[in-house]
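File shown: entry-v2.txt. Contents: compact mmCIF, N, CA and C atoms.
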```
# COMPACT_ATOMS: atom_id res chain seq x y z
N MET A 1 0.83 -1.18 0.00
CA MET A 1 0.00 0.00 0.00
C MET A 1 0.87 1.24 0.00
N GLY A 2 0.26 2.35 -0.30
CA GLY A 2 1.00 3.59 -0.28
C GLY A 2 1.57 3.91 -1.64
N VAL A 3 1.98 5.13 -1.81
CA VAL A 3 2.57 5.61 -3.05
C VAL A 3 3.98 6.07 -2.73
N LYS A 4 4.95 5.43 -3.32
CA LYS A 4 6.35 5.74 -3.02
C LYS A 4 6.66 7.20 -3.35
N GLY A 5 7.19 7.91 -2.36
CA GLY A 5 7.60 9.29 -2.55
C GLY A 5 6.50 10.32 -2.37
N LEU A 6 5.27 9.90 -2.12
CA LEU A 6 4.16 10.85 -2.00
C LEU A 6 4.33 11.77 -0.80
N SER A 7 4.69 11.22 0.35
CA SER A 7 4.87 12.06 1.55
C SER A 7 5.94 13.12 1.32
N SER A 8 7.06 12.74 0.76
CA SER A 8 8.14 13.70 0.49
C SER A 8 7.69 14.77 -0.49
N LEU A 9 6.97 14.37 -1.52
CA LEU A 9 6.49 15.33 -2.51
C LEU A 9 5.58 16.36 -1.85
N LEU A 10 4.64 15.90 -1.02
CA LEU A 10 3.71 16.81 -0.36
C LEU A 10 4.40 17.70 0.66
N GLU A 11 5.38 17.15 1.39
CA GLU A 11 6.11 17.95 2.37
C GLU A 11 6.97 19.02 1.69
N ASP A 12 7.56 18.68 0.57
CA ASP A 12 8.43 19.62 -0.13
C ASP A 12 7.65 20.67 -0.94
N ASN A 13 6.39 20.40 -1.23
CA ASN A 13 5.57 21.28 -2.05
C ASN A 13 4.22 21.51 -1.38
N ARG A 14 4.21 22.23 -0.31
CA ARG A 14 3.00 22.43 0.49
C ARG A 14 1.84 23.02 -0.31
N ARG A 15 2.11 23.77 -1.36
CA ARG A 15 1.03 24.39 -2.12
C ARG A 15 0.22 23.37 -2.92
N ILE A 16 0.76 22.15 -3.11
CA ILE A 16 0.06 21.12 -3.86
C ILE A 16 -1.21 20.67 -3.14
N SER A 17 -1.12 20.52 -1.83
CA SER A 17 -2.27 20.02 -1.09
C SER A 17 -2.75 21.08 -0.09
N PRO A 18 -3.85 21.73 -0.41
CA PRO A 18 -4.37 22.75 0.52
C PRO A 18 -4.95 22.10 1.77
N ASP A 19 -5.06 22.88 2.83
CA ASP A 19 -5.70 22.39 4.04
C ASP A 19 -7.17 22.11 3.76
N ILE A 20 -7.65 21.00 4.25
CA ILE A 20 -9.07 20.67 4.09
C ILE A 20 -9.64 20.37 5.46
N HIS A 21 -10.91 20.48 5.58
CA HIS A 21 -11.61 20.15 6.82
C HIS A 21 -12.41 18.88 6.58
N PHE A 22 -11.90 17.78 7.10
CA PHE A 22 -12.49 16.46 6.91
C PHE A 22 -13.17 16.06 8.20
N ARG A 23 -14.48 15.90 8.18
CA ARG A 23 -15.24 15.59 9.38
C ARG A 23 -16.35 14.60 9.06
N ASP A 24 -16.85 13.98 10.13
CA ASP A 24 -18.07 13.16 10.06
C ASP A 24 -18.07 12.21 8.86
N SER A 25 -17.06 11.37 8.81
CA SER A 25 -16.92 10.45 7.70
C SER A 25 -16.18 9.20 8.15
N LYS A 26 -16.01 8.29 7.22
CA LYS A 26 -15.23 7.07 7.46
C LYS A 26 -13.87 7.24 6.81
N LEU A 27 -12.87 6.57 7.38
CA LEU A 27 -11.50 6.69 6.87
C LEU A 27 -10.79 5.35 6.99
N VAL A 28 -10.28 4.85 5.89
CA VAL A 28 -9.44 3.65 5.91
C VAL A 28 -8.00 4.11 6.09
N VAL A 29 -7.34 3.57 7.11
CA VAL A 29 -5.99 4.00 7.49
C VAL A 29 -4.99 2.90 7.18
N ASP A 30 -3.93 3.25 6.47
CA ASP A 30 -2.83 2.34 6.21
C ASP A 30 -2.03 2.22 7.51
N GLY A 31 -2.25 1.17 8.26
CA GLY A 31 -1.66 1.01 9.58
C GLY A 31 -0.15 1.00 9.59
N ASN A 32 0.47 0.37 8.60
CA ASN A 32 1.93 0.31 8.55
C ASN A 32 2.52 1.71 8.39
N ASN A 33 1.96 2.49 7.48
CA ASN A 33 2.47 3.85 7.28
C ASN A 33 2.13 4.75 8.45
N LEU A 34 0.98 4.54 9.08
CA LEU A 34 0.63 5.34 10.25
C LEU A 34 1.63 5.12 11.38
N ILE A 35 1.97 3.87 11.64
CA ILE A 35 2.95 3.56 12.69
C ILE A 35 4.28 4.25 12.39
N TYR A 36 4.72 4.13 11.15
CA TYR A 36 5.99 4.77 10.76
C TYR A 36 5.91 6.27 10.97
N HIS A 37 4.86 6.90 10.47
CA HIS A 37 4.73 8.35 10.57
C HIS A 37 4.64 8.81 12.02
N LEU A 38 3.80 8.18 12.81
CA LEU A 38 3.64 8.60 14.21
C LEU A 38 4.94 8.41 15.00
N TYR A 39 5.62 7.31 14.78
CA TYR A 39 6.83 7.04 15.54
C TYR A 39 7.93 8.05 15.19
N TYR A 40 8.16 8.25 13.89
CA TYR A 40 9.28 9.10 13.49
C TYR A 40 8.98 10.59 13.60
N SER A 41 7.71 10.97 13.76
CA SER A 41 7.41 12.39 13.95
C SER A 41 7.18 12.73 15.42
N SER A 42 7.32 11.74 16.31
CA SER A 42 7.01 11.95 17.72
C SER A 42 8.20 12.37 18.57
N ASN A 43 9.39 12.39 17.98
CA ASN A 43 10.61 12.74 18.71
C ASN A 43 10.92 11.81 19.88
N LEU A 44 10.52 10.55 19.77
CA LEU A 44 10.87 9.56 20.79
C LEU A 44 12.32 9.15 20.59
N ASP A 45 12.91 8.59 21.62
CA ASP A 45 14.31 8.16 21.57
C ASP A 45 14.42 6.96 20.64
N GLN A 46 14.92 7.19 19.45
CA GLN A 46 15.03 6.12 18.47
C GLN A 46 16.36 5.39 18.56
N ASN A 47 17.29 5.91 19.34
CA ASN A 47 18.59 5.28 19.46
C ASN A 47 18.55 4.02 20.32
N HIS A 48 17.70 4.02 21.31
CA HIS A 48 17.66 2.89 22.23
C HIS A 48 16.38 2.06 22.10
N GLY A 49 15.46 2.47 21.26
CA GLY A 49 14.21 1.73 21.09
C GLY A 49 13.33 1.87 22.31
N GLY A 50 12.26 1.15 22.28
CA GLY A 50 11.37 1.19 23.44
C GLY A 50 10.49 2.42 23.44
N GLU A 51 10.27 2.97 24.61
CA GLU A 51 9.35 4.07 24.82
C GLU A 51 7.96 3.71 24.30
N TYR A 52 7.57 2.48 24.56
CA TYR A 52 6.31 1.99 24.04
C TYR A 52 5.11 2.70 24.66
N LEU A 53 5.18 3.07 25.91
CA LEU A 53 4.06 3.79 26.53
C LEU A 53 3.91 5.17 25.91
N ALA A 54 5.00 5.84 25.65
CA ALA A 54 4.95 7.16 25.00
C ALA A 54 4.40 7.03 23.59
N PHE A 55 4.81 5.97 22.89
CA PHE A 55 4.30 5.75 21.54
C PHE A 55 2.81 5.41 21.59
N GLN A 56 2.41 4.62 22.57
CA GLN A 56 0.99 4.30 22.73
C GLN A 56 0.18 5.58 22.93
N ALA A 57 0.70 6.52 23.69
CA ALA A 57 0.03 7.80 23.90
C ALA A 57 -0.12 8.55 22.57
N GLU A 58 0.90 8.49 21.71
CA GLU A 58 0.82 9.12 20.39
C GLU A 58 -0.31 8.50 19.56
N VAL A 59 -0.38 7.17 19.58
CA VAL A 59 -1.42 6.47 18.82
C VAL A 59 -2.81 6.84 19.36
N GLN A 60 -2.95 6.84 20.68
CA GLN A 60 -4.23 7.19 21.29
C GLN A 60 -4.63 8.63 20.94
N ALA A 61 -3.68 9.54 20.97
CA ALA A 61 -3.97 10.94 20.65
C ALA A 61 -4.44 11.08 19.20
N PHE A 62 -3.81 10.33 18.29
CA PHE A 62 -4.21 10.37 16.88
C PHE A 62 -5.66 9.94 16.72
N PHE A 63 -6.01 8.79 17.33
CA PHE A 63 -7.38 8.30 17.17
C PHE A 63 -8.39 9.13 17.95
N LYS A 64 -7.98 9.77 19.03
CA LYS A 64 -8.88 10.68 19.74
C LYS A 64 -9.20 11.89 18.87
N THR A 65 -8.19 12.40 18.17
CA THR A 65 -8.41 13.52 17.27
C THR A 65 -9.40 13.15 16.18
N LEU A 66 -9.26 11.95 15.63
CA LEU A 66 -10.22 11.50 14.62
C LEU A 66 -11.62 11.43 15.22
N ALA A 67 -11.74 10.84 16.40
CA ALA A 67 -13.05 10.72 17.05
C ALA A 67 -13.66 12.10 17.32
N ASP A 68 -12.84 13.04 17.77
CA ASP A 68 -13.32 14.40 18.04
C ASP A 68 -13.88 15.06 16.78
N CYS A 69 -13.41 14.63 15.62
CA CYS A 69 -13.89 15.18 14.34
C CYS A 69 -14.99 14.33 13.73
N GLY A 70 -15.45 13.32 14.46
CA GLY A 70 -16.51 12.46 13.94
C GLY A 70 -16.05 11.51 12.86
N ILE A 71 -14.76 11.22 12.83
CA ILE A 71 -14.21 10.33 11.81
C ILE A 71 -14.09 8.92 12.38
N LYS A 72 -14.64 7.95 11.65
CA LYS A 72 -14.59 6.55 12.06
C LYS A 72 -13.49 5.84 11.28
N PRO A 73 -12.37 5.52 11.94
CA PRO A 73 -11.26 4.89 11.23
C PRO A 73 -11.41 3.38 11.13
N TYR A 74 -10.80 2.82 10.12
CA TYR A 74 -10.70 1.37 9.92
C TYR A 74 -9.25 1.13 9.54
N VAL A 75 -8.49 0.47 10.41
CA VAL A 75 -7.05 0.30 10.20
C VAL A 75 -6.78 -0.99 9.44
N VAL A 76 -5.94 -0.88 8.41
CA VAL A 76 -5.54 -2.03 7.60
C VAL A 76 -4.04 -2.19 7.74
N MET A 77 -3.61 -3.38 8.14
CA MET A 77 -2.19 -3.72 8.23
C MET A 77 -1.93 -4.78 7.16
N GLU A 78 -0.79 -4.65 6.48
CA GLU A 78 -0.46 -5.67 5.48
C GLU A 78 0.98 -6.11 5.62
N GLY A 79 1.24 -7.29 5.12
CA GLY A 79 2.60 -7.83 5.15
C GLY A 79 2.79 -8.75 6.33
N GLY A 80 3.47 -9.84 6.08
CA GLY A 80 3.77 -10.78 7.16
C GLY A 80 5.10 -10.45 7.78
N SER A 81 5.45 -11.23 8.77
CA SER A 81 6.77 -11.05 9.38
C SER A 81 7.54 -12.35 9.25
N SER A 82 8.83 -12.23 9.25
CA SER A 82 9.66 -13.43 9.14
C SER A 82 9.71 -14.13 10.49
N THR A 83 10.32 -15.29 10.51
CA THR A 83 10.40 -16.06 11.75
C THR A 83 11.48 -15.52 12.68
N SER A 84 12.30 -14.58 12.20
CA SER A 84 13.33 -14.03 13.07
C SER A 84 12.70 -13.03 14.03
N ASP A 85 13.19 -13.01 15.25
CA ASP A 85 12.74 -12.07 16.26
C ASP A 85 11.23 -12.16 16.52
N ILE A 86 10.70 -13.39 16.50
CA ILE A 86 9.26 -13.61 16.67
C ILE A 86 8.77 -13.08 18.01
N ARG A 87 9.52 -13.24 19.06
CA ARG A 87 9.08 -12.82 20.39
C ARG A 87 8.80 -11.31 20.43
N LEU A 88 9.74 -10.50 19.94
CA LEU A 88 9.56 -9.05 19.94
C LEU A 88 8.38 -8.67 19.05
N GLU A 89 8.30 -9.25 17.87
CA GLU A 89 7.19 -8.94 16.97
C GLU A 89 5.85 -9.32 17.58
N THR A 90 5.81 -10.45 18.28
CA THR A 90 4.57 -10.87 18.94
C THR A 90 4.16 -9.88 20.02
N LEU A 91 5.11 -9.44 20.82
CA LEU A 91 4.81 -8.46 21.87
C LEU A 91 4.32 -7.14 21.27
N LYS A 92 4.97 -6.67 20.22
CA LYS A 92 4.55 -5.41 19.59
C LYS A 92 3.16 -5.57 18.98
N LYS A 93 2.90 -6.72 18.36
CA LYS A 93 1.60 -6.97 17.74
C LYS A 93 0.50 -6.97 18.79
N ARG A 94 0.73 -7.63 19.90
CA ARG A 94 -0.28 -7.67 20.97
C ARG A 94 -0.53 -6.28 21.54
N ALA A 95 0.51 -5.49 21.72
CA ALA A 95 0.35 -4.12 22.25
C ALA A 95 -0.46 -3.27 21.28
N ARG A 96 -0.15 -3.38 19.99
CA ARG A 96 -0.86 -2.61 18.97
C ARG A 96 -2.34 -3.01 18.93
N GLU A 97 -2.61 -4.31 18.93
CA GLU A 97 -3.99 -4.78 18.88
C GLU A 97 -4.76 -4.39 20.13
N LYS A 98 -4.12 -4.46 21.31
CA LYS A 98 -4.79 -4.08 22.55
C LYS A 98 -5.15 -2.60 22.53
N THR A 99 -4.22 -1.76 22.06
CA THR A 99 -4.48 -0.33 21.99
C THR A 99 -5.68 -0.06 21.08
N LEU A 100 -5.70 -0.68 19.90
CA LEU A 100 -6.80 -0.45 18.98
C LEU A 100 -8.10 -1.02 19.52
N ASN A 101 -8.03 -2.18 20.20
CA ASN A 101 -9.23 -2.74 20.82
C ASN A 101 -9.77 -1.82 21.90
N ASP A 102 -8.87 -1.30 22.74
CA ASP A 102 -9.29 -0.38 23.80
C ASP A 102 -9.97 0.87 23.23
N LEU A 103 -9.50 1.31 22.07
CA LEU A 103 -10.07 2.50 21.43
C LEU A 103 -11.27 2.16 20.54
N LYS A 104 -11.59 0.87 20.45
CA LYS A 104 -12.69 0.39 19.61
C LYS A 104 -12.49 0.78 18.14
N VAL A 105 -11.25 0.64 17.67
CA VAL A 105 -10.91 0.91 16.28
C VAL A 105 -10.81 -0.43 15.55
N PRO A 106 -11.63 -0.63 14.50
CA PRO A 106 -11.55 -1.89 13.75
C PRO A 106 -10.19 -2.05 13.08
N LEU A 107 -9.71 -3.29 13.04
CA LEU A 107 -8.41 -3.62 12.46
C LEU A 107 -8.56 -4.88 11.62
N VAL A 108 -8.01 -4.83 10.42
CA VAL A 108 -7.95 -6.02 9.58
C VAL A 108 -6.50 -6.19 9.15
N LYS A 109 -6.05 -7.45 9.07
CA LYS A 109 -4.67 -7.75 8.70
C LYS A 109 -4.63 -8.63 7.46
N PHE A 110 -3.81 -8.25 6.50
CA PHE A 110 -3.54 -9.06 5.33
C PHE A 110 -2.08 -9.45 5.38
N PHE A 111 -1.75 -10.69 5.02
CA PHE A 111 -0.37 -11.15 5.15
C PHE A 111 0.42 -11.06 3.86
N LYS A 112 -0.18 -10.50 2.83
CA LYS A 112 0.53 -10.26 1.57
C LYS A 112 0.08 -8.90 1.07
N GLU A 113 0.57 -8.51 -0.08
CA GLU A 113 0.14 -7.26 -0.70
C GLU A 113 -1.38 -7.27 -0.81
N ALA A 114 -2.01 -6.19 -0.40
CA ALA A 114 -3.46 -6.22 -0.20
C ALA A 114 -4.23 -5.18 -1.00
N ASP A 115 -3.63 -4.58 -2.01
CA ASP A 115 -4.31 -3.49 -2.70
C ASP A 115 -5.68 -3.88 -3.24
N GLY A 116 -5.77 -5.03 -3.89
CA GLY A 116 -7.06 -5.47 -4.44
C GLY A 116 -8.08 -5.75 -3.36
N ARG A 117 -7.65 -6.45 -2.32
CA ARG A 117 -8.57 -6.75 -1.22
C ARG A 117 -8.96 -5.50 -0.46
N LEU A 118 -8.02 -4.57 -0.36
CA LEU A 118 -8.31 -3.30 0.31
C LEU A 118 -9.35 -2.51 -0.47
N ALA A 119 -9.24 -2.47 -1.79
CA ALA A 119 -10.22 -1.77 -2.60
C ALA A 119 -11.61 -2.38 -2.41
N ALA A 120 -11.69 -3.72 -2.37
CA ALA A 120 -12.97 -4.38 -2.14
C ALA A 120 -13.51 -4.05 -0.75
N LEU A 121 -12.65 -4.00 0.24
CA LEU A 121 -13.05 -3.65 1.60
C LEU A 121 -13.62 -2.23 1.66
N VAL A 122 -12.97 -1.30 0.99
CA VAL A 122 -13.43 0.08 0.97
C VAL A 122 -14.79 0.18 0.29
N ARG A 123 -14.97 -0.51 -0.84
CA ARG A 123 -16.27 -0.49 -1.52
C ARG A 123 -17.37 -1.03 -0.62
N GLU A 124 -17.07 -2.11 0.10
CA GLU A 124 -18.07 -2.71 0.98
C GLU A 124 -18.38 -1.82 2.19
N TRP A 125 -17.36 -1.21 2.75
CA TRP A 125 -17.52 -0.43 3.98
C TRP A 125 -18.16 0.93 3.71
N ALA A 126 -17.93 1.47 2.52
CA ALA A 126 -18.42 2.83 2.20
C ALA A 126 -19.89 2.90 2.00
```
Would you give me this structure, written as structure tokens?
Amino acid sequence: MGVKGLSSLLEDNRRISPDIHFRDSKLVVDGNNLIYHLYYSSNLDQNHGGEYLAFQAEVQAFFKTLADCGIKPYVVMEGGSSTSDIRLETLKKRAREKTLNDLKVPLVKFFKEADGRLAALVREWA
């Protein structure tokens, strides 16, 4: 999912995308890109890893902002993980799912490239 280079293009050329007011609607969220964006824009200590509670607060704040605007998110995660470092990946997965469950945010996971299935999901959900 995602368009390679789109974020950089929009950041470097702010006039391309004007500010919009998006409210009272549904939104399908690319979970993998959201995690990347929230983590790297949060100024958390990336040298030592961790800070999972602080990152959880970032995720909660993001979804609270959506809720405050009447936006109902649906998070889509894609891609599997390798068998290496399974314990850490399992812990991170459980923390992510618990946070989304606590916030009552629907989550669907695809283990391969999911563009076609995602399009079908959006058509059905809309």
**Request:** Enter the distance from atom N of A:Phe62 to atom N of A:Tyr39, in Å, rounded to one decimal.
**Result:** 10.5 Å
Against stretch 97-117 of chain A, which residues of stretch 7-88 of chain A fall within 6 Å? For each one I want the closest pair of atoms and the distance in Å (one decimal), counting only N, CA and C atoms, rows by chain and increasing residue number, as JSON lines.
```
{"residue": "A:Pro73", "atom": "C", "partner": "A:Pro106", "partner_atom": "N", "distance": 5.2}
{"residue": "A:Tyr74", "atom": "CA", "partner": "A:Pro106", "partner_atom": "C", "distance": 4.7}
{"residue": "A:Val75", "atom": "N", "partner": "A:Pro106", "partner_atom": "C", "distance": 4.0}
{"residue": "A:Val76", "atom": "CA", "partner": "A:Val108", "partner_atom": "C", "distance": 4.5}
{"residue": "A:Met77", "atom": "C", "partner": "A:Phe110", "partner_atom": "N", "distance": 4.0}
{"residue": "A:Glu78", "atom": "CA", "partner": "A:Phe110", "partner_atom": "C", "distance": 4.1}
{"residue": "A:Gly79", "atom": "N", "partner": "A:Phe110", "partner_atom": "C", "distance": 4.0}
{"residue": "A:Gly80", "atom": "N", "partner": "A:Phe111", "partner_atom": "C", "distance": 4.0}
```
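Atom pair atom CA of A:Ile16 / atom C of A:Leu121 has a distance of 27.6 Å (rounded to one decimal).
Going from atom CA of A:Asn43 to atom CA of A:Gln60 covers 16.1 Å.
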**All strand (DSSP E or B) positions in chain A, as a VMD selection string** = chain A and resid 26 to 30 72 to 78 107 to 110
**Request:** Around the point (1.1, 9.1, 4.0), in the coordinates given by the file, pick out the residues reaching within 7 Å, counting all atoms listed in the file, and return them as a list in words.
**Result:**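 Those within range, by chain then number, are Gly2, Leu6, Ser7, Asn33 and Leu34 of chain A.
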Same residues, N, CA and C atoms, output as a PDB file, in the coordinates of the input:
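Output contents, as saved in out-v4.pdb:
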```pdb
ATOM      1  N   GLY A   2       0.260   2.350  -0.300  1.00  0.00           N
ATOM      2  CA  GLY A   2       1.000   3.590  -0.280  1.00  0.00           C
ATOM      3  C   GLY A   2       1.570   3.910  -1.640  1.00  0.00           C
ATOM      4  N   LEU A   6       5.270   9.900  -2.120  1.00  0.00           N
ATOM      5  CA  LEU A   6       4.160  10.850  -2.000  1.00  0.00           C
ATOM      6  C   LEU A   6       4.330  11.770  -0.800  1.00  0.00           C
ATOM      7  N   SER A   7       4.690  11.220   0.350  1.00  0.00           N
ATOM      8  CA  SER A   7       4.870  12.060   1.550  1.00  0.00           C
ATOM      9  C   SER A   7       5.940  13.120   1.320  1.00  0.00           C
ATOM     10  N   ASN A  33       1.960   2.490   7.480  1.00  0.00           N
ATOM     11  CA  ASN A  33       2.470   3.850   7.280  1.00  0.00           C
ATOM     12  C   ASN A  33       2.130   4.750   8.450  1.00  0.00           C
ATOM     13  N   LEU A  34       0.980   4.540   9.080  1.00  0.00           N
ATOM     14  CA  LEU A  34       0.630   5.340  10.250  1.00  0.00           C
ATOM     15  C   LEU A  34       1.630   5.120  11.380  1.00  0.00           C
TER      16      LEU A  34
END
```
Using the file's own x, y and z axes, what box holds all listed atoms of stretch 62-70 of chain A with 6 Å on each side, keeping edges along x, y and z, and what are its centre and edge lengths in Å to one decimal, as AutoDock Vina command-line options?
```
--center_x -10.2 --center_y 11.7 --center_z 16.3 --size_x 24.7 --size_y 18.9 --size_z 18.9
```
